[in-house]
Structures are given as C-alpha cells and as structure tokens.
Amino acid sequence: MNADTALTIMEALDQAEALLNRVHLRDGYAGRDTLARNRELLNAARHRLDQVHSIEEMGVFEGFGRPPALA
C-alpha cells in the first residue's frame with residue numbers, strides 16, 4: 001500500500017466517523033424526521049466504510065476529498 005492509498009483510507013474513515021458523530025441518540029421518542037436523518041447518516045457512513053473495504057479493487061476513490069453529500 002502506498003502513502004496515497006493509506007491517506008485515502010484514513011480520509012474515508014474520518015468522514016465515516018464524522019457522519020456517525022452526527023447521529024442523534026436520545027432517550028424517549030424519536031420522530032420520523034430524526035429516524036430518517038439517522039438512517040441517511042448511517043447509510044452514508046456505511047458507504048464510506050464499504051469504500052475502504054474495497055480499496056484494493058477500486059484504487060483511489062473517484063471524487064474523493066469533497067465533503068460528504070449530507071454535510
């Protein structure tokens with residue numbers, strides 16, 4: 001693995017972590033909007049992690065370095 005690939009992986013993991021930090025967890029009732037937003041954030045984080053897992057096959061990700069769509 002070269003330095004660029006390692007940096008790409010670290011960036012993807014950082015973005016996934018940032019998305020997961022935005023998930024709202026609280027006691028009690030969570031409205032539909034909150035649940036939908038959490039689902040979107042989890043799906044975006046899962047996508048970033050899937051990219052990391054397939055880095056060997058894909059090489060460096062296309063369009064990487066842009067902020068996540070859910071920013």
# chains A, B, ... in the order shown; residues from 1 in each chain; ligands from 1
$ residues_around --residues "Arg22 (chain A)" --least-positions-apart "5" --cutoff "10 Å" --atoms "only C-alpha atoms" --output "CSV table (one decimal) with all heavy atoms, in the first residue's frame"
chain,number,residue,atom,x,y,z
A,17,GLU,N,-16.6,8.5,10.5
A,17,GLU,CA,-16.7,8.9,11.9
A,17,GLU,C,-17.4,10.2,12.1
A,17,GLU,O,-18.3,10.3,13.0
A,17,GLU,CB,-15.3,9.0,12.5
A,17,GLU,CG,-15.3,9.3,14.0
A,17,GLU,CD,-13.9,9.5,14.6
A,17,GLU,OE1,-12.9,9.6,13.9
A,17,GLU,OE2,-13.8,9.5,15.8
A,37,ARG,N,-33.3,10.9,9.2
A,37,ARG,CA,-32.0,11.6,9.1
A,37,ARG,C,-30.9,10.6,9.6
A,37,ARG,O,-29.8,10.5,9.0
A,37,ARG,CB,-32.0,12.9,9.9
A,37,ARG,CG,-30.7,13.6,9.9
A,37,ARG,CD,-30.4,14.2,8.6
A,37,ARG,NE,-29.2,15.0,8.7
A,37,ARG,CZ,-28.4,15.2,7.7
A,37,ARG,NH1,-28.7,14.8,6.5
A,37,ARG,NH2,-27.3,15.9,7.8
A,38,ASN,N,-31.1,9.9,10.8
A,38,ASN,CA,-30.2,9.0,11.3
A,38,ASN,C,-29.9,7.9,10.3
A,38,ASN,O,-28.8,7.4,10.1
A,38,ASN,CB,-30.7,8.4,12.6
A,38,ASN,CG,-30.5,9.3,13.8
A,38,ASN,OD1,-29.9,10.4,13.6
A,38,ASN,ND2,-31.1,9.0,14.9
A,41,LEU,N,-27.6,9.2,7.6
A,41,LEU,CA,-26.3,9.3,8.1
A,41,LEU,C,-25.6,7.9,8.2
A,41,LEU,O,-24.4,7.8,7.8
A,41,LEU,CB,-26.2,10.0,9.4
A,41,LEU,CG,-26.6,11.5,9.4
A,41,LEU,CD1,-26.8,12.0,10.8
A,41,LEU,CD2,-25.5,12.3,8.7
A,42,LEU,N,-26.3,7.0,8.7
A,42,LEU,CA,-25.8,5.6,8.8
A,42,LEU,C,-25.5,5.0,7.4
A,42,LEU,O,-24.4,4.4,7.3
A,42,LEU,CB,-26.7,4.7,9.6
A,42,LEU,CG,-26.8,5.0,11.1
A,42,LEU,CD1,-28.0,4.2,11.7
A,42,LEU,CD2,-25.5,4.8,11.8
A,71,ALA,N,-23.4,16.8,4.3
A,71,ALA,CA,-22.8,17.8,5.2
A,71,ALA,C,-23.7,19.0,5.5
A,71,ALA,O,-24.7,19.2,4.8
A,71,ALA,CB,-21.5,18.4,4.6
$ atom_distance --atom1 "CA of Arg46 (chain A)" --atom2 "CA of Ala6 (chain A)"
18.8 Å
